[in-house]
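Containing PDB, C-alpha atoms, pLDDT in the B column: run_1.pdb.
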ATOM      1  CA  ASN C   1     -44.764   4.103  24.519  1.00 54.00           C
ATOM      2  CA  ALA C   2     -43.856   0.625  25.766  1.00 67.00           C
ATOM      3  CA  GLY C   3     -40.365   1.477  27.077  1.00 90.00           C
ATOM      4  CA  VAL C   4     -38.175  -1.584  27.687  1.00 93.00           C
ATOM      5  CA  THR C   5     -39.981  -4.886  27.101  1.00 94.00           C
ATOM      6  CA  GLN C   6     -38.598  -8.238  28.223  1.00 96.00           C
ATOM      7  CA  THR C   7     -39.911 -11.692  27.409  1.00 96.00           C
ATOM      8  CA  PRO C   8     -40.523 -14.195  28.828  1.00 97.00           C
ATOM      9  CA  LYS C   9     -41.329 -13.037  32.345  1.00 94.00           C
ATOM     10  CA  PHE C  10     -40.911 -16.530  33.817  1.00 96.00           C
ATOM     11  CA  GLN C  11     -39.037 -19.559  32.494  1.00 97.00           C
ATOM     12  CA  VAL C  12     -37.938 -22.919  33.855  1.00 97.00           C
ATOM     13  CA  LEU C  13     -35.077 -24.683  32.068  1.00 97.00           C
ATOM     14  CA  LYS C  14     -33.361 -27.991  32.475  1.00 97.00           C
ATOM     15  CA  THR C  15     -29.597 -28.079  32.889  1.00 98.00           C
ATOM     16  CA  GLY C  16     -27.925 -28.029  29.490  1.00 97.00           C
ATOM     17  CA  GLN C  17     -30.821 -26.468  27.611  1.00 97.00           C
ATOM     18  CA  SER C  18     -30.361 -23.245  25.701  1.00 96.00           C
ATOM     19  CA  MET C  19     -32.726 -20.319  25.482  1.00 97.00           C
ATOM     20  CA  THR C  20     -32.928 -16.659  24.555  1.00 98.00           C
ATOM     21  CA  LEU C  21     -34.256 -13.833  26.686  1.00 98.00           C
ATOM     22  CA  GLN C  22     -35.670 -11.128  24.478  1.00 98.00           C
ATOM     23  CA  CYS C  23     -35.325  -7.411  25.080  1.00 98.00           C
ATOM     24  CA  ALA C  24     -36.769  -4.632  22.956  1.00 97.00           C
ATOM     25  CA  GLN C  25     -36.991  -0.888  23.413  1.00 96.00           C
ATOM     26  CA  ASP C  26     -38.969   1.632  21.406  1.00 94.00           C
ATOM     27  CA  MET C  27     -37.181   4.787  22.539  1.00 93.00           C
ATOM     28  CA  ASN C  28     -34.461   4.754  19.857  1.00 92.00           C
ATOM     29  CA  HIS C  29     -31.832   4.245  22.551  1.00 92.00           C
ATOM     30  CA  GLU C  30     -28.287   3.517  21.475  1.00 91.00           C
ATOM     31  CA  TYR C  31     -27.175   1.924  24.750  1.00 91.00           C
ATOM     32  CA  MET C  32     -28.590  -1.395  25.987  1.00 94.00           C
ATOM     33  CA  SER C  33     -27.411  -3.799  28.624  1.00 94.00           C
ATOM     34  CA  TRP C  34     -28.257  -6.938  30.580  1.00 97.00           C
ATOM     35  CA  TYR C  35     -27.937  -7.378  34.347  1.00 95.00           C
ATOM     36  CA  ARG C  36     -28.601 -10.292  36.644  1.00 96.00           C
ATOM     37  CA  GLN C  37     -29.915  -9.875  40.162  1.00 92.00           C
ATOM     38  CA  ASP C  38     -29.018 -12.389  42.845  1.00 91.00           C
ATOM     39  CA  PRO C  39     -29.876 -12.305  46.561  1.00 83.00           C
ATOM     40  CA  GLY C  40     -27.352 -10.328  48.578  1.00 78.00           C
ATOM     41  CA  MET C  41     -25.373  -9.301  45.499  1.00 80.00           C
ATOM     42  CA  GLY C  42     -27.296  -6.477  43.904  1.00 83.00           C
ATOM     43  CA  LEU C  43     -27.304  -6.305  40.124  1.00 90.00           C
ATOM     44  CA  ARG C  44     -24.283  -7.292  38.077  1.00 93.00           C
ATOM     45  CA  LEU C  45     -23.605  -6.389  34.457  1.00 93.00           C
ATOM     46  CA  ILE C  46     -23.489  -9.300  31.991  1.00 96.00           C
ATOM     47  CA  HIS C  47     -23.099  -7.656  28.573  1.00 96.00           C
ATOM     48  CA  TYR C  48     -23.737  -4.256  27.088  1.00 93.00           C
ATOM     49  CA  SER C  49     -23.943  -2.519  23.729  1.00 93.00           C
ATOM     50  CA  VAL C  50     -23.352   1.106  22.779  1.00 89.00           C
ATOM     51  CA  GLY C  51     -24.982   0.747  19.377  1.00 91.00           C
ATOM     52  CA  ALA C  52     -26.069  -1.635  16.645  1.00 94.00           C
ATOM     53  CA  GLY C  53     -23.280  -4.037  15.743  1.00 95.00           C
ATOM     54  CA  ILE C  54     -21.288  -3.299  18.916  1.00 93.00           C
ATOM     55  CA  THR C  55     -21.268  -5.442  22.054  1.00 95.00           C
ATOM     56  CA  ASP C  56     -18.921  -5.844  24.990  1.00 93.00           C
ATOM     57  CA  GLN C  57     -18.579  -7.890  28.147  1.00 94.00           C
ATOM     58  CA  GLY C  58     -19.540  -6.762  31.587  1.00 91.00           C
ATOM     59  CA  GLU C  59     -18.655  -8.162  34.996  1.00 90.00           C
ATOM     60  CA  VAL C  60     -20.161 -11.671  34.605  1.00 95.00           C
ATOM     61  CA  PRO C  61     -20.304 -12.613  30.879  1.00 96.00           C
ATOM     62  CA  ASN C  62     -19.449 -16.330  31.046  1.00 96.00           C
ATOM     63  CA  GLY C  63     -22.197 -18.613  29.782  1.00 96.00           C
ATOM     64  CA  TYR C  64     -24.018 -15.820  27.941  1.00 98.00           C
ATOM     65  CA  ASN C  65     -24.006 -14.506  24.386  1.00 97.00           C
ATOM     66  CA  VAL C  66     -25.451 -11.316  22.952  1.00 98.00           C
ATOM     67  CA  SER C  67     -25.855  -9.669  19.585  1.00 97.00           C
ATOM     68  CA  ARG C  68     -27.146  -6.276  18.481  1.00 97.00           C
ATOM     69  CA  SER C  69     -28.305  -6.466  14.882  1.00 97.00           C
ATOM     70  CA  THR C  70     -30.827  -3.650  15.295  1.00 97.00           C
ATOM     71  CA  THR C  71     -31.087  -0.606  17.530  1.00 96.00           C
ATOM     72  CA  GLU C  72     -34.329  -1.893  19.058  1.00 97.00           C
ATOM     73  CA  ASP C  73     -33.385  -5.444  20.086  1.00 98.00           C
ATOM     74  CA  PHE C  74     -30.744  -6.908  22.374  1.00 98.00           C
ATOM     75  CA  PRO C  75     -31.332 -10.630  23.018  1.00 98.00           C
ATOM     76  CA  LEU C  76     -29.429 -12.547  25.694  1.00 98.00           C
ATOM     77  CA  ARG C  77     -28.644 -16.188  24.924  1.00 98.00           C
ATOM     78  CA  LEU C  78     -27.894 -18.861  27.482  1.00 97.00           C
ATOM     79  CA  LEU C  79     -25.780 -21.386  25.627  1.00 92.00           C
ATOM     80  CA  SER C  80     -26.038 -24.345  28.031  1.00 96.00           C
ATOM     81  CA  ALA C  81     -28.038 -23.485  31.131  1.00 97.00           C
ATOM     82  CA  ALA C  82     -26.602 -24.252  34.555  1.00 97.00           C
ATOM     83  CA  PRO C  83     -28.242 -24.019  38.009  1.00 97.00           C
ATOM     84  CA  SER C  84     -25.861 -21.122  38.786  1.00 96.00           C
ATOM     85  CA  GLN C  85     -27.702 -19.125  36.148  1.00 97.00           C
ATOM     86  CA  THR C  86     -30.910 -19.203  38.160  1.00 97.00           C
ATOM     87  CA  SER C  87     -31.528 -15.501  38.648  1.00 97.00           C
ATOM     88  CA  VAL C  88     -33.655 -12.526  37.742  1.00 94.00           C
ATOM     89  CA  TYR C  89     -32.485 -10.853  34.553  1.00 97.00           C
ATOM     90  CA  PHE C  90     -32.997  -7.188  33.742  1.00 95.00           C
ATOM     91  CA  CYS C  91     -32.548  -5.450  30.445  1.00 96.00           C
ATOM     92  CA  ALA C  92     -31.783  -1.727  30.479  1.00 93.00           C
ATOM     93  CA  SER C  93     -31.380   1.048  27.931  1.00 92.00           C
ATOM     94  CA  SER C  94     -30.454   4.708  27.695  1.00 89.00           C
ATOM     95  CA  TYR C  95     -30.307   7.312  24.966  1.00 86.00           C
ATOM     96  CA  ASP C  96     -26.586   6.897  24.629  1.00 75.00           C
ATOM     97  CA  GLY C  97     -23.730   5.463  26.614  1.00 65.00           C
ATOM     98  CA  THR C  98     -22.372   8.673  28.021  1.00 65.00           C
ATOM     99  CA  LEU C  99     -22.657  10.202  31.454  1.00 58.00           C
ATOM    100  CA  ARG C 100     -24.476  13.344  30.398  1.00 60.00           C
ATOM    101  CA  ALA C 101     -26.845  14.679  32.989  1.00 52.00           C
ATOM    102  CA  GLY C 102     -30.348  13.593  32.118  1.00 56.00           C
ATOM    103  CA  ASN C 103     -29.199  10.434  30.377  1.00 71.00           C
ATOM    104  CA  THR C 104     -31.397   8.153  32.436  1.00 79.00           C
ATOM    105  CA  ILE C 105     -31.102   4.375  32.288  1.00 85.00           C
ATOM    106  CA  TYR C 106     -34.480   2.637  31.947  1.00 89.00           C
ATOM    107  CA  PHE C 107     -35.060  -0.930  33.114  1.00 91.00           C
ATOM    108  CA  GLY C 108     -37.432  -3.627  31.964  1.00 93.00           C
ATOM    109  CA  GLU C 109     -39.653  -5.488  34.422  1.00 90.00           C
ATOM    110  CA  GLY C 110     -37.353  -8.498  34.685  1.00 93.00           C
ATOM    111  CA  SER C 111     -37.286 -12.142  33.632  1.00 96.00           C
ATOM    112  CA  TRP C 112     -37.309 -14.797  36.342  1.00 95.00           C
ATOM    113  CA  LEU C 113     -35.252 -17.804  35.212  1.00 97.00           C
ATOM    114  CA  THR C 114     -34.961 -21.089  37.096  1.00 97.00           C
ATOM    115  CA  VAL C 115     -32.544 -23.803  35.965  1.00 97.00           C
ATOM    116  CA  VAL C 116     -33.189 -27.249  37.444  1.00 97.00           C
TER     117      VAL C 116
ATOM    118  CA  GLY N   1     -12.113  -0.468  40.963  1.00 82.00           C
ATOM    119  CA  ASN N   2     -15.701   0.524  41.391  1.00 85.00           C
ATOM    120  CA  SER N   3     -17.870  -0.617  44.250  1.00 90.00           C
ATOM    121  CA  VAL N   4     -20.880   0.488  46.265  1.00 94.00           C
ATOM    122  CA  THR N   5     -21.571  -0.414  49.870  1.00 94.00           C
ATOM    123  CA  GLN N   6     -24.977   0.212  51.377  1.00 94.00           C
ATOM    124  CA  MET N   7     -26.429  -0.573  54.744  1.00 84.00           C
ATOM    125  CA  GLU N   8     -27.883  -4.002  55.064  1.00 81.00           C
ATOM    126  CA  GLY N   9     -31.536  -4.416  55.722  1.00 84.00           C
ATOM    127  CA  PRO N  10     -34.165  -5.132  56.171  1.00 94.00           C
ATOM    128  CA  VAL N  11     -35.315  -1.819  57.588  1.00 96.00           C
ATOM    129  CA  THR N  12     -38.742  -1.604  59.196  1.00 97.00           C
ATOM    130  CA  LEU N  13     -40.212   1.769  60.079  1.00 97.00           C
ATOM    131  CA  SER N  14     -43.530   3.117  61.222  1.00 97.00           C
ATOM    132  CA  GLU N  15     -45.389   5.501  58.951  1.00 97.00           C
ATOM    133  CA  GLU N  16     -44.154   9.115  59.227  1.00 97.00           C
ATOM    134  CA  ALA N  17     -40.772   8.030  60.627  1.00 98.00           C
ATOM    135  CA  PHE N  18     -37.502   9.476  59.341  1.00 98.00           C
ATOM    136  CA  LEU N  19     -35.552   7.319  56.910  1.00 97.00           C
ATOM    137  CA  THR N  20     -31.813   7.125  56.302  1.00 97.00           C
ATOM    138  CA  ILE N  21     -30.193   4.494  54.123  1.00 97.00           C
ATOM    139  CA  ASN N  22     -26.415   4.777  54.085  1.00 97.00           C
ATOM    140  CA  CYS N  23     -24.394   4.410  50.898  1.00 97.00           C
ATOM    141  CA  THR N  24     -20.655   4.773  50.397  1.00 97.00           C
ATOM    142  CA  TYR N  25     -18.685   4.205  47.242  1.00 96.00           C
ATOM    143  CA  THR N  26     -15.254   3.532  45.824  1.00 94.00           C
ATOM    144  CA  ALA N  27     -14.503   4.773  42.335  1.00 89.00           C
ATOM    145  CA  THR N  28     -11.766   6.258  40.234  1.00 80.00           C
ATOM    146  CA  GLY N  29     -12.348   9.548  38.548  1.00 78.00           C
ATOM    147  CA  TYR N  30     -15.623  11.400  38.943  1.00 80.00           C
ATOM    148  CA  PRO N  31     -18.575   9.036  39.259  1.00 88.00           C
ATOM    149  CA  SER N  32     -22.242   9.874  38.918  1.00 89.00           C
ATOM    150  CA  LEU N  33     -24.379   8.526  41.741  1.00 92.00           C
ATOM    151  CA  PHE N  34     -27.901   7.144  41.683  1.00 93.00           C
ATOM    152  CA  TRP N  35     -30.639   5.737  43.860  1.00 96.00           C
ATOM    153  CA  TYR N  36     -32.966   3.221  42.204  1.00 95.00           C
ATOM    154  CA  VAL N  37     -36.146   1.792  43.734  1.00 96.00           C
ATOM    155  CA  GLN N  38     -37.687  -1.599  43.032  1.00 92.00           C
ATOM    156  CA  TYR N  39     -41.302  -2.148  44.039  1.00 92.00           C
ATOM    157  CA  PRO N  40     -42.496  -5.750  44.496  1.00 86.00           C
ATOM    158  CA  GLY N  41     -42.638  -7.648  41.207  1.00 80.00           C
ATOM    159  CA  GLU N  42     -41.409  -4.698  39.167  1.00 83.00           C
ATOM    160  CA  GLY N  43     -38.218  -3.518  37.510  1.00 84.00           C
ATOM    161  CA  LEU N  44     -35.947  -0.773  38.768  1.00 89.00           C
ATOM    162  CA  GLN N  45     -36.958   2.860  38.564  1.00 91.00           C
ATOM    163  CA  LEU N  46     -34.627   5.806  38.895  1.00 91.00           C
ATOM    164  CA  LEU N  47     -35.448   7.637  42.113  1.00 96.00           C
ATOM    165  CA  LEU N  48     -32.827  10.387  42.036  1.00 94.00           C
ATOM    166  CA  LYS N  49     -29.306  11.125  40.890  1.00 92.00           C
ATOM    167  CA  ALA N  50     -26.355  13.484  41.304  1.00 92.00           C
ATOM    168  CA  THR N  51     -23.621  13.934  38.749  1.00 87.00           C
ATOM    169  CA  LYS N  52     -21.024  15.986  40.601  1.00 88.00           C
ATOM    170  CA  ALA N  53     -19.771  16.691  44.098  1.00 91.00           C
ATOM    171  CA  ASP N  54     -22.127  18.637  46.408  1.00 94.00           C
ATOM    172  CA  ASP N  55     -25.082  18.085  44.069  1.00 94.00           C
ATOM    173  CA  LYS N  56     -28.325  17.156  45.817  1.00 97.00           C
ATOM    174  CA  GLY N  57     -30.715  14.834  44.053  1.00 96.00           C
ATOM    175  CA  SER N  58     -34.349  14.861  45.136  1.00 97.00           C
ATOM    176  CA  ASN N  59     -37.621  13.239  44.129  1.00 96.00           C
ATOM    177  CA  LYS N  60     -40.890  12.249  45.830  1.00 95.00           C
ATOM    178  CA  GLY N  61     -39.665  13.603  49.180  1.00 97.00           C
ATOM    179  CA  PHE N  62     -36.424  11.618  49.020  1.00 98.00           C
ATOM    180  CA  GLU N  63     -33.077  13.345  48.805  1.00 98.00           C
ATOM    181  CA  ALA N  64     -29.383  12.493  48.743  1.00 98.00           C
ATOM    182  CA  THR N  65     -26.275  14.666  48.602  1.00 97.00           C
ATOM    183  CA  TYR N  66     -23.102  13.708  46.725  1.00 96.00           C
ATOM    184  CA  ARG N  67     -20.318  14.007  49.323  1.00 96.00           C
ATOM    185  CA  LYS N  68     -16.927  13.548  47.699  1.00 93.00           C
ATOM    186  CA  GLU N  69     -15.005  14.118  50.937  1.00 94.00           C
ATOM    187  CA  THR N  70     -16.739  11.178  52.641  1.00 95.00           C
ATOM    188  CA  THR N  71     -17.466   9.238  49.400  1.00 96.00           C
ATOM    189  CA  SER N  72     -21.094   8.964  50.447  1.00 97.00           C
ATOM    190  CA  PHE N  73     -24.577   9.354  48.967  1.00 97.00           C
ATOM    191  CA  HIS N  74     -26.980   8.638  51.810  1.00 98.00           C
ATOM    192  CA  LEU N  75     -30.706   8.490  51.044  1.00 98.00           C
ATOM    193  CA  GLU N  76     -33.085  10.366  53.364  1.00 98.00           C
ATOM    194  CA  LYS N  77     -36.776  11.018  53.666  1.00 98.00           C
ATOM    195  CA  GLY N  78     -38.392  13.008  56.424  1.00 97.00           C
ATOM    196  CA  SER N  79     -41.663  11.102  56.672  1.00 96.00           C
ATOM    197  CA  VAL N  80     -42.085   7.687  55.062  1.00 98.00           C
ATOM    198  CA  GLN N  81     -45.372   6.252  53.830  1.00 97.00           C
ATOM    199  CA  VAL N  82     -46.564   2.671  53.460  1.00 97.00           C
ATOM    200  CA  SER N  83     -46.266   3.138  49.691  1.00 96.00           C
ATOM    201  CA  ASP N  84     -42.491   3.656  50.093  1.00 97.00           C
ATOM    202  CA  SER N  85     -42.059  -0.021  50.975  1.00 97.00           C
ATOM    203  CA  ALA N  86     -39.611  -1.319  48.372  1.00 96.00           C
ATOM    204  CA  VAL N  87     -35.984  -2.294  47.817  1.00 94.00           C
ATOM    205  CA  TYR N  88     -33.610   0.656  47.369  1.00 96.00           C
ATOM    206  CA  PHE N  89     -30.364   0.369  45.419  1.00 95.00           C
ATOM    207  CA  CYS N  90     -27.459   2.780  45.459  1.00 96.00           C
ATOM    208  CA  ALA N  91     -25.424   2.746  42.238  1.00 93.00           C
ATOM    209  CA  LEU N  92     -22.704   4.581  40.362  1.00 91.00           C
ATOM    210  CA  THR N  93     -21.316   5.022  36.861  1.00 86.00           C
ATOM    211  CA  ASN N  94     -17.952   6.479  36.025  1.00 77.00           C
ATOM    212  CA  GLY N  95     -17.467   5.787  32.353  1.00 66.00           C
ATOM    213  CA  GLN N  96     -14.319   3.734  32.749  1.00 59.00           C
ATOM    214  CA  THR N  97     -15.475   1.528  29.926  1.00 57.00           C
ATOM    215  CA  GLY N  98     -16.628   4.531  27.980  1.00 56.00           C
ATOM    216  CA  ALA N  99     -20.184   3.441  28.568  1.00 62.00           C
ATOM    217  CA  ASN N 100     -22.951   4.163  31.014  1.00 69.00           C
ATOM    218  CA  ASN N 101     -22.585   0.931  32.976  1.00 83.00           C
ATOM    219  CA  LEU N 102     -23.973   0.860  36.508  1.00 87.00           C
ATOM    220  CA  PHE N 103     -22.304  -0.630  39.578  1.00 89.00           C
ATOM    221  CA  PHE N 104     -24.884  -1.491  42.238  1.00 92.00           C
ATOM    222  CA  GLY N 105     -24.939  -1.959  45.966  1.00 94.00           C
ATOM    223  CA  THR N 106     -26.665  -5.037  47.355  1.00 92.00           C
ATOM    224  CA  GLY N 107     -29.954  -3.269  48.021  1.00 93.00           C
ATOM    225  CA  THR N 108     -31.840  -2.375  51.206  1.00 95.00           C
ATOM    226  CA  ARG N 109     -35.370  -3.610  51.753  1.00 94.00           C
ATOM    227  CA  LEU N 110     -37.620  -1.064  53.442  1.00 97.00           C
ATOM    228  CA  THR N 111     -40.941  -1.996  55.000  1.00 97.00           C
ATOM    229  CA  VAL N 112     -43.180   0.763  56.325  1.00 97.00           C
ATOM    230  CA  ILE N 113     -45.956  -0.298  58.684  1.00 97.00           C
ATOM    231  CA  PRO N 114     -49.093   1.747  59.338  1.00 95.00           C
TER     232      PRO N 114
END

Whole structure given in structure tokens:
Amino acid sequence: NAGVTQTPKFQVLKTGQSMTLQCAQDMNHEYMSWYRQDPGMGLRLIHYSVGAGITDQGEVPNGYNVSRSTTEDFPLRLLSAAPSQTSVYFCASSYDGTLRAGNTIYFGEGSWLTVV
Amino acid sequence: GNSVTQMEGPVTLSEEAFLTINCTYTATGYPSLFWYVQYPGEGLQLLLKATKADDKGSNKGFEATYRKETTSFHLEKGSVQVSDSAVYFCALTNGQTGANNLFFGTGTRLTVIP
């Protein structure tokens, strides 16, 4: 059971380049989301999805695109990378999007992105 | 709105010392509260949670009690170990968006020295 898998783990981009961070989960989870982690700011929600074909914006969506064509995958696209997008990105998933007790959110190991 | 405030670190303790990391929150409705731990170079792992007022979450010797009257969820451990060195995040969800989205505090780095 691989859990939540993110690739790549490290990436350096030039300003203006585009790229996709991949996220896959093998737990048949309906809910998936992307967070970014910046020093002194904790983790902030970028986009989330409560099921295949459904996505919505979080707290900091600008400059990012997502799609959810399958239950397993939730890629995050940087359209035109900027130095302000230098961060650590975490993908997360849970069985569904509700607050039921026991509905734990699982995180991937993170993707370190540097934009120069 | 939703927000989480936790004590700033870093916190350095000697092995077997008592640990408290303060966390207070602002939320509408009835949030669920969580503590996540991040070990060096790894993702976040759920440490413990509480889903309603007066609930106590506990795991690996850590515990936290959901206090609605003081809007707090302080993390405690009676005797820390070197292996507890990590960054600890307090977080909440309250389903305002209809989804299980987490709102995080800024994190507290704990270092335990032998």

Handout entry: Near-Phe89 (chain N) list (6 Å; all atoms listed in the file; drop same-chain fewer than 5 positions) as a ChimeraX atom specification
Key = /N:35-36,105,107

Exercise for the section: Tell me, in Å to one decimal, how far CA of Ser33 (chain C) is from CA of Phe10 (chain C). Expected result: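 Separating CA of Ser33 (chain C) from CA of Phe10 (chain C) is a distance of 19.3 Å.
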
Exercise for the section: Using the chain letters and numbers from the file, give me the residues hit by the ChimeraX specification (/N :<9) & /C, as a PyMOL selection string. Expected result: chain C and resi 31+33+38-45+48-50+58+90+94+96-101+103-110

Handout entry: Nearest to Gly63 (chain C), chosen from C:Ser18, C:Gln25, C:Thr5, C:Ser111, with all atoms listed in the file counted in the distances
Key =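 Among the listed residues, the smallest separation from Gly63 (chain C) belongs to C:Ser18.
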
Handout entry: Hits from the PyMOL selection byres ((chain N and resi 18) around 10), listed as a ChimeraX atom specification
Key = /N:13-17,19-20,76-80

Take the selection from the previous step and output its residues with C-alpha atoms, as an mmCIF file, keeping the file's coordinate frame.
data_model
loop_
_atom_site.group_PDB
_atom_site.id
_atom_site.type_symbol
_atom_site.label_atom_id
_atom_site.label_comp_id
_atom_site.auth_asym_id
_atom_site.auth_seq_id
_atom_site.Cartn_x
_atom_site.Cartn_y
_atom_site.Cartn_z
ATOM 1 C CA LEU N 13 -40.212 1.769 60.079
ATOM 2 C CA SER N 14 -43.530 3.117 61.222
ATOM 3 C CA GLU N 15 -45.389 5.501 58.951
ATOM 4 C CA GLU N 16 -44.154 9.115 59.227
ATOM 5 C CA ALA N 17 -40.772 8.030 60.627
ATOM 6 C CA LEU N 19 -35.552 7.319 56.910
ATOM 7 C CA THR N 20 -31.813 7.125 56.302
ATOM 8 C CA GLU N 76 -33.085 10.366 53.364
ATOM 9 C CA LYS N 77 -36.776 11.018 53.666
ATOM 10 C CA GLY N 78 -38.392 13.008 56.424
ATOM 11 C CA SER N 79 -41.663 11.102 56.672
ATOM 12 C CA VAL N 80 -42.085 7.687 55.062
#

Practice task
Tell me, as number ranges by chain, which residues lie within 7 Å of Thr24 (chain N), counting only C-alpha atoms; anything in the same chain fewer than 6 positions away does not count.
Solution key: N: 4-6, 71-73

Exercise for the section: Find the residue from C:Val115, C:Ala52, C:Val88, C:Ile46 that sits nearest to Pro8 (chain C); use only C-alpha atoms when measuring. Expected result: C:Val88

Please return, as a PDB file with C-alpha atoms, keeping the file's coordinate frame, all polymer residues that have at least one atom within 10 Å of the point (-27.3, -7.4, 24.0); use only C-alpha atoms and the file's own coordinate frame.
ATOM      1  CA  LEU C  21     -34.256 -13.833  26.686  1.00 98.00           C
ATOM      2  CA  GLN C  22     -35.670 -11.128  24.478  1.00 98.00           C
ATOM      3  CA  CYS C  23     -35.325  -7.411  25.080  1.00 98.00           C
ATOM      4  CA  ALA C  24     -36.769  -4.632  22.956  1.00 97.00           C
ATOM      5  CA  TYR C  31     -27.175   1.924  24.750  1.00 91.00           C
ATOM      6  CA  MET C  32     -28.590  -1.395  25.987  1.00 94.00           C
ATOM      7  CA  SER C  33     -27.411  -3.799  28.624  1.00 94.00           C
ATOM      8  CA  TRP C  34     -28.257  -6.938  30.580  1.00 97.00           C
ATOM      9  CA  ILE C  46     -23.489  -9.300  31.991  1.00 96.00           C
ATOM     10  CA  HIS C  47     -23.099  -7.656  28.573  1.00 96.00           C
ATOM     11  CA  TYR C  48     -23.737  -4.256  27.088  1.00 93.00           C
ATOM     12  CA  SER C  49     -23.943  -2.519  23.729  1.00 93.00           C
ATOM     13  CA  VAL C  50     -23.352   1.106  22.779  1.00 89.00           C
ATOM     14  CA  GLY C  51     -24.982   0.747  19.377  1.00 91.00           C
ATOM     15  CA  ALA C  52     -26.069  -1.635  16.645  1.00 94.00           C
ATOM     16  CA  GLY C  53     -23.280  -4.037  15.743  1.00 95.00           C
ATOM     17  CA  ILE C  54     -21.288  -3.299  18.916  1.00 93.00           C
ATOM     18  CA  THR C  55     -21.268  -5.442  22.054  1.00 95.00           C
ATOM     19  CA  ASP C  56     -18.921  -5.844  24.990  1.00 93.00           C
ATOM     20  CA  GLN C  57     -18.579  -7.890  28.147  1.00 94.00           C
ATOM     21  CA  TYR C  64     -24.018 -15.820  27.941  1.00 98.00           C
ATOM     22  CA  ASN C  65     -24.006 -14.506  24.386  1.00 97.00           C
ATOM     23  CA  VAL C  66     -25.451 -11.316  22.952  1.00 98.00           C
ATOM     24  CA  SER C  67     -25.855  -9.669  19.585  1.00 97.00           C
ATOM     25  CA  ARG C  68     -27.146  -6.276  18.481  1.00 97.00           C
ATOM     26  CA  SER C  69     -28.305  -6.466  14.882  1.00 97.00           C
ATOM     27  CA  ASP C  73     -33.385  -5.444  20.086  1.00 98.00           C
ATOM     28  CA  PHE C  74     -30.744  -6.908  22.374  1.00 98.00           C
ATOM     29  CA  PRO C  75     -31.332 -10.630  23.018  1.00 98.00           C
ATOM     30  CA  LEU C  76     -29.429 -12.547  25.694  1.00 98.00           C
ATOM     31  CA  ARG C  77     -28.644 -16.188  24.924  1.00 98.00           C
ATOM     32  CA  CYS C  91     -32.548  -5.450  30.445  1.00 96.00           C
ATOM     33  CA  ALA C  92     -31.783  -1.727  30.479  1.00 93.00           C
TER      34      ALA C  92
END

Exercise for the section: Rank N:Leu33, N:Leu92, N:Tyr39, N:Asn59 by their smallest atom-to-atom distance to Arg109 (chain N), using all atoms listed in the file, and report the top residue only. Expected result: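 Smallest distance to Arg109 (chain N) is found for N:Tyr39.
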
Problem - Separation of CA of Thr65 (chain N) from CA of Tyr88 (chain N), in Å and rounded to one decimal - result: 15.9 Å

Exercise for the section: Run through the PyMOL selection byres ((chain N and resi 112) around 7) on the given coordinates and return the selected residues as a ChimeraX atom specification. Expected result: /N:12-15,81-82,84-85,110-111,113-114

Problem - Nearest to Thr70 (chain C), chosen from C:Asn28, C:Gly3, C:Gly16, C:Leu113, with only C-alpha atoms counted in the distances - result: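 The answer is C:Asn28, which sits nearest to Thr70 (chain C).
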
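The nearest approach to Ala27 (chain N) among the residues N:Gly9, N:Phe62, N:Asn2, N:Asp55, with all atoms listed in the file taken into account, belongs to N:Asn2.
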
Problem - Gap from CA of Glu63 (chain N) to CA of Pro40 (chain N) - Å, one decimal - result: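 Distance between the two atoms: 21.7 Å.
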
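Using only C-alpha atoms, the shortest contact distance between Lys14 (chain C) and any of C:Asn62, C:Trp112, C:Ala82, C:Ser87 is found at C:Ala82.
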